[in-house]
Amino acid sequence: MQKKIVIVGAGFSGTMSALSAARVRAEAGAEAELDIVVVAPEPVLTIRPRLYEDNPALMGAPLEELFEVTGIRFIDGFVRAIGTEFPELTIERRSGEFETLIYDRLVLAAGSRVVHPPIPGLADYAFSVDQRREAEVLWEHVHALARLPQSLERDTVVIAGGGFTGIETAAEMPARLRSILGDDAAVRVVIVERAPEIGPDLGVGPRPVIEEALGAMGVELVLGKAVTCVDPSGVTLEDGTRIPSNTVVWTGGLRASPLADMIDAPKDALGRLVVDRHLRVARNPVIFASGDMACAQTDDLGHQTLMACQHAMPLGRFSGHNAAADLLGRPTLPYSQERYVTCLDLGPWGAIFCEGWDRKVVFSGAEAKKIKSEINSVFIYPPKADREKALAAATPGITADV
């Protein structure tokens, strides 16, 4: 009887997990024995780390041809339930119809979403660069500002959140606004961060370079204050300060897909499923978690994976391999990823490239920008629809990812 691996999600980790499973299947000569299915809303990998860039509608990599040449089945839809007594999923197809999908092994790689706390007006008036369509809406809105009369609100963008995404988004905004509104516009870009320092999760290593770059581009920092209200013409901070703006971009923290809540297993503070070194979910031996849904140890020093594609792609290689190997009676592999780097885009100023968990600055400015450009245009894209090369790219433990 044919066995089935179902992978939920077609992002960085889900795509790589499917290819890795197909690689094991091919090596075992088990094409007729193992069905590999990806379930996602569309057969497109959104290049999420690039959604702050210009024209985000182009930040998608079609997967249909890649899946076809590697023998991966795709089902469009949304997982609405994960069976707790039987290994089955309830899927709502894009057509609106529901169906049940039985699995022998399940890989949960449905990613994460930006957290939207119950701040008055946030859901109604703030923009986001979290998902492709959300970034498109922001892009369209910013271009439409040129049709408005000049005003403080029109010419000001507030970035709520001074973490990785907030910094990259803010660094792009001054030049973009001037290209749209003209050099005569009184462009103002403000980052509001509730922590007392910019990039609180990035540590002290890269902070002086970040501050230098943002200062050179005229980005203002409002630190140690939280946004308490958003309205069509600005934000109000906890101390009563008001910043007029027609464009507020929320870049708050991430949380794992709510599908994780359907699984009876330990989770971390970000809602991620805690997994063992083989990426199995605790108390669920037929379920693996990957990408932003997995809280995994990267090494023997206690470091854990972050919600970033440099961890998502390797996690996918191991989760897909292990799910397929488990079904085909082959050895599973313990996940490890000792190298960690940080590469932060700082707009026209350049970028910053750090190595290690202490984020030691190695390159900055134009030199780091070349590395960031290569990461964004080459390393994070899925392989071409060449069967042999695609399966080879899914080998666990390869070190091509930056």
# chains A, B, ... in the order shown; residues from 1 in each chain; ligands from 1
$ select_by_dssp --residues "stretch 162-288 of chain A" --states "helix (DSSP H, G or I)" --output "count of residues only"
33
$ closest_atom_pairs --of "stretch 133-170 of chain A" --to "stretch 337-354 of chain A" --cutoff "8 Å" --atoms "only C-alpha atoms" --output "JSON lines"
{"residue": "A:Phe164", "atom": "CA", "partner": "A:Leu344", "partner_atom": "CA", "distance": 7.2}
{"residue": "A:Ile167", "atom": "CA", "partner": "A:Leu346", "partner_atom": "CA", "distance": 7.4}
{"residue": "A:Glu168", "atom": "CA", "partner": "A:Asp345", "partner_atom": "CA", "distance": 5.5}
$ select_by_dssp --residues "stretch 68-172 of chain A" --states "strand (DSSP E)" --output "MDAnalysis selection string"
chainID A and resid 73:82 88:93 98:102 105:108 112:114 156:160
$ closest_atom_pairs --of "stretch 278-371 of chain A" --to "stretch 9-20 of chain A" --cutoff "10 Å" --atoms "only C-alpha atoms" --output "CSV"
residue,atom,partner,partner_atom,distance
A:Ala289,CA,A:Ser13,CA,9.7
A:Ser290,CA,A:Ser13,CA,6.3
A:Gly291,CA,A:Ser13,CA,5.1
A:Asp292,CA,A:Ser13,CA,8.2
A:Met293,CA,A:Ser13,CA,9.6
A:Ala308,CA,A:Phe12,CA,9.4
A:Cys309,CA,A:Phe12,CA,6.4
A:Gln310,CA,A:Phe12,CA,9.2
A:His311,CA,A:Ser13,CA,8.4
A:Ala312,CA,A:Ser13,CA,4.8
A:Met313,CA,A:Ser13,CA,4.8
A:Pro314,CA,A:Ser13,CA,7.5
A:Leu315,CA,A:Ser13,CA,6.4
A:Gly316,CA,A:Ser17,CA,4.0
A:Arg317,CA,A:Ser17,CA,5.2
A:Phe318,CA,A:Ser17,CA,7.2
A:Ser319,CA,A:Ser17,CA,5.9
A:Gly320,CA,A:Ser17,CA,4.0
A:His321,CA,A:Ser20,CA,5.2
A:Asn322,CA,A:Ser20,CA,8.8
A:Ala323,CA,A:Ser17,CA,8.9
A:Ala324,CA,A:Ser20,CA,8.3
$ write_last_selection --atoms "all heavy atoms" --output "compact mmCIF listing (two decimals), in the first residue's frame"
# COMPACT_ATOMS: atom_id res chain seq x y z
N ALA A 289 7.90 19.02 12.86
CA ALA A 289 7.70 20.47 12.69
C ALA A 289 8.95 21.06 12.07
O ALA A 289 10.07 20.58 12.28
CB ALA A 289 7.40 21.14 14.02
N SER A 290 8.76 22.13 11.30
CA SER A 290 9.86 22.69 10.54
C SER A 290 9.67 24.20 10.39
O SER A 290 8.57 24.73 10.57
CB SER A 290 9.94 22.03 9.16
OG SER A 290 11.17 22.27 8.52
N GLY A 291 10.75 24.89 10.04
CA GLY A 291 10.67 26.33 9.82
C GLY A 291 10.23 27.08 11.06
O GLY A 291 10.60 26.76 12.18
N ASP A 292 9.40 28.09 10.85
CA ASP A 292 8.96 28.95 11.95
C ASP A 292 8.02 28.25 12.93
O ASP A 292 7.69 28.81 13.98
CB ASP A 292 8.25 30.19 11.41
CG ASP A 292 9.22 31.17 10.77
OD1 ASP A 292 10.42 30.87 10.73
OD2 ASP A 292 8.77 32.25 10.32
N MET A 293 7.58 27.03 12.61
CA MET A 293 6.73 26.28 13.52
C MET A 293 7.53 25.41 14.48
O MET A 293 6.95 24.81 15.38
CB MET A 293 5.73 25.42 12.76
CG MET A 293 4.68 26.21 11.99
SD MET A 293 3.33 25.17 11.39
CE MET A 293 2.49 24.75 12.93
N ALA A 308 13.75 32.66 10.72
CA ALA A 308 14.49 33.26 9.61
C ALA A 308 14.74 32.18 8.58
O ALA A 308 14.85 31.00 8.90
CB ALA A 308 15.81 33.85 10.11
N CYS A 309 14.88 32.59 7.30
CA CYS A 309 15.03 31.59 6.24
C CYS A 309 16.35 30.83 6.36
O CYS A 309 16.45 29.71 5.87
CB CYS A 309 14.88 32.21 4.87
SG CYS A 309 16.06 33.51 4.48
N GLN A 310 17.37 31.42 7.02
CA GLN A 310 18.63 30.69 7.15
C GLN A 310 18.48 29.47 8.05
O GLN A 310 19.28 28.54 7.98
CB GLN A 310 19.75 31.59 7.66
CG GLN A 310 19.68 31.98 9.12
CD GLN A 310 20.98 32.60 9.60
OE1 GLN A 310 22.03 31.99 9.55
NE2 GLN A 310 20.90 33.84 10.05
N HIS A 311 17.45 29.45 8.89
CA HIS A 311 17.13 28.25 9.65
C HIS A 311 16.01 27.46 8.99
O HIS A 311 15.99 26.23 9.05
CB HIS A 311 16.74 28.62 11.08
CG HIS A 311 17.92 28.99 11.93
ND1 HIS A 311 17.85 29.93 12.93
CD2 HIS A 311 19.21 28.56 11.91
CE1 HIS A 311 19.05 30.06 13.49
NE2 HIS A 311 19.88 29.24 12.89
N ALA A 312 15.06 28.15 8.37
CA ALA A 312 13.91 27.46 7.78
C ALA A 312 14.33 26.48 6.69
O ALA A 312 13.83 25.35 6.63
CB ALA A 312 12.93 28.48 7.21
N MET A 313 15.24 26.88 5.83
CA MET A 313 15.63 26.00 4.72
C MET A 313 16.38 24.75 5.20
O MET A 313 16.02 23.63 4.80
CB MET A 313 16.43 26.79 3.68
CG MET A 313 15.60 27.89 3.02
SD MET A 313 16.54 28.99 1.94
CE MET A 313 16.78 27.91 0.53
N PRO A 314 17.39 24.88 6.06
CA PRO A 314 18.02 23.66 6.59
C PRO A 314 17.06 22.79 7.38
O PRO A 314 17.12 21.55 7.28
CB PRO A 314 19.15 24.21 7.48
CG PRO A 314 19.46 25.54 6.89
CD PRO A 314 18.14 26.09 6.45
N LEU A 315 16.17 23.41 8.17
CA LEU A 315 15.18 22.61 8.89
C LEU A 315 14.34 21.80 7.92
O LEU A 315 14.01 20.64 8.16
CB LEU A 315 14.28 23.53 9.74
CG LEU A 315 14.87 24.05 11.04
CD1 LEU A 315 13.99 25.16 11.61
CD2 LEU A 315 15.02 22.93 12.07
N GLY A 316 13.97 22.42 6.79
CA GLY A 316 13.20 21.70 5.78
C GLY A 316 13.95 20.52 5.22
O GLY A 316 13.38 19.45 4.99
N ARG A 317 15.24 20.69 4.97
CA ARG A 317 16.03 19.57 4.44
C ARG A 317 16.03 18.38 5.40
O ARG A 317 15.95 17.23 4.97
CB ARG A 317 17.46 20.03 4.18
CG ARG A 317 17.59 21.04 3.06
CD ARG A 317 19.05 21.32 2.73
NE ARG A 317 19.15 22.30 1.65
CZ ARG A 317 19.47 23.57 1.83
NH1 ARG A 317 19.71 24.03 3.04
NH2 ARG A 317 19.54 24.39 0.80
N PHE A 318 16.12 18.67 6.69
CA PHE A 318 16.15 17.58 7.67
C PHE A 318 14.76 17.01 7.93
O PHE A 318 14.60 15.79 8.03
CB PHE A 318 16.77 18.07 8.99
CG PHE A 318 18.26 18.11 8.98
CD1 PHE A 318 18.95 19.23 8.56
CD2 PHE A 318 19.01 17.01 9.39
CE1 PHE A 318 20.34 19.28 8.54
CE2 PHE A 318 20.39 17.03 9.39
CZ PHE A 318 21.06 18.18 8.96
N SER A 319 13.74 17.86 8.01
CA SER A 319 12.39 17.35 8.32
C SER A 319 11.87 16.48 7.19
O SER A 319 11.29 15.41 7.43
CB SER A 319 11.43 18.51 8.58
OG SER A 319 11.32 19.37 7.47
N GLY A 320 12.07 16.91 5.94
CA GLY A 320 11.62 16.10 4.81
C GLY A 320 12.38 14.79 4.71
O GLY A 320 11.79 13.73 4.46
N HIS A 321 13.70 14.88 4.88
CA HIS A 321 14.51 13.66 4.86
C HIS A 321 14.04 12.69 5.93
O HIS A 321 13.84 11.48 5.65
CB HIS A 321 15.98 14.02 5.12
CG HIS A 321 16.87 12.81 5.27
ND1 HIS A 321 17.60 12.30 4.22
CD2 HIS A 321 17.11 12.00 6.34
CE1 HIS A 321 18.26 11.23 4.63
NE2 HIS A 321 17.99 11.02 5.92
N ASN A 322 13.85 13.18 7.15
CA ASN A 322 13.52 12.28 8.25
C ASN A 322 12.12 11.69 8.12
O ASN A 322 11.90 10.52 8.46
CB ASN A 322 13.68 13.01 9.58
CG ASN A 322 15.14 13.25 9.93
OD1 ASN A 322 16.03 12.64 9.34
ND2 ASN A 322 15.39 14.14 10.88
N ALA A 323 11.17 12.48 7.63
CA ALA A 323 9.82 11.94 7.44
C ALA A 323 9.84 10.81 6.41
O ALA A 323 9.22 9.75 6.61
CB ALA A 323 8.88 13.05 7.00
N ALA A 324 10.56 11.01 5.29
CA ALA A 324 10.62 9.98 4.26
C ALA A 324 11.45 8.79 4.71
O ALA A 324 11.07 7.62 4.50
CB ALA A 324 11.21 10.58 2.97
$ closest_residue --among "A:Ala61, A:Leu66, A:Leu327, A:Ala32" --to "A:Asp386" --atoms "only C-alpha atoms"
A:Leu66
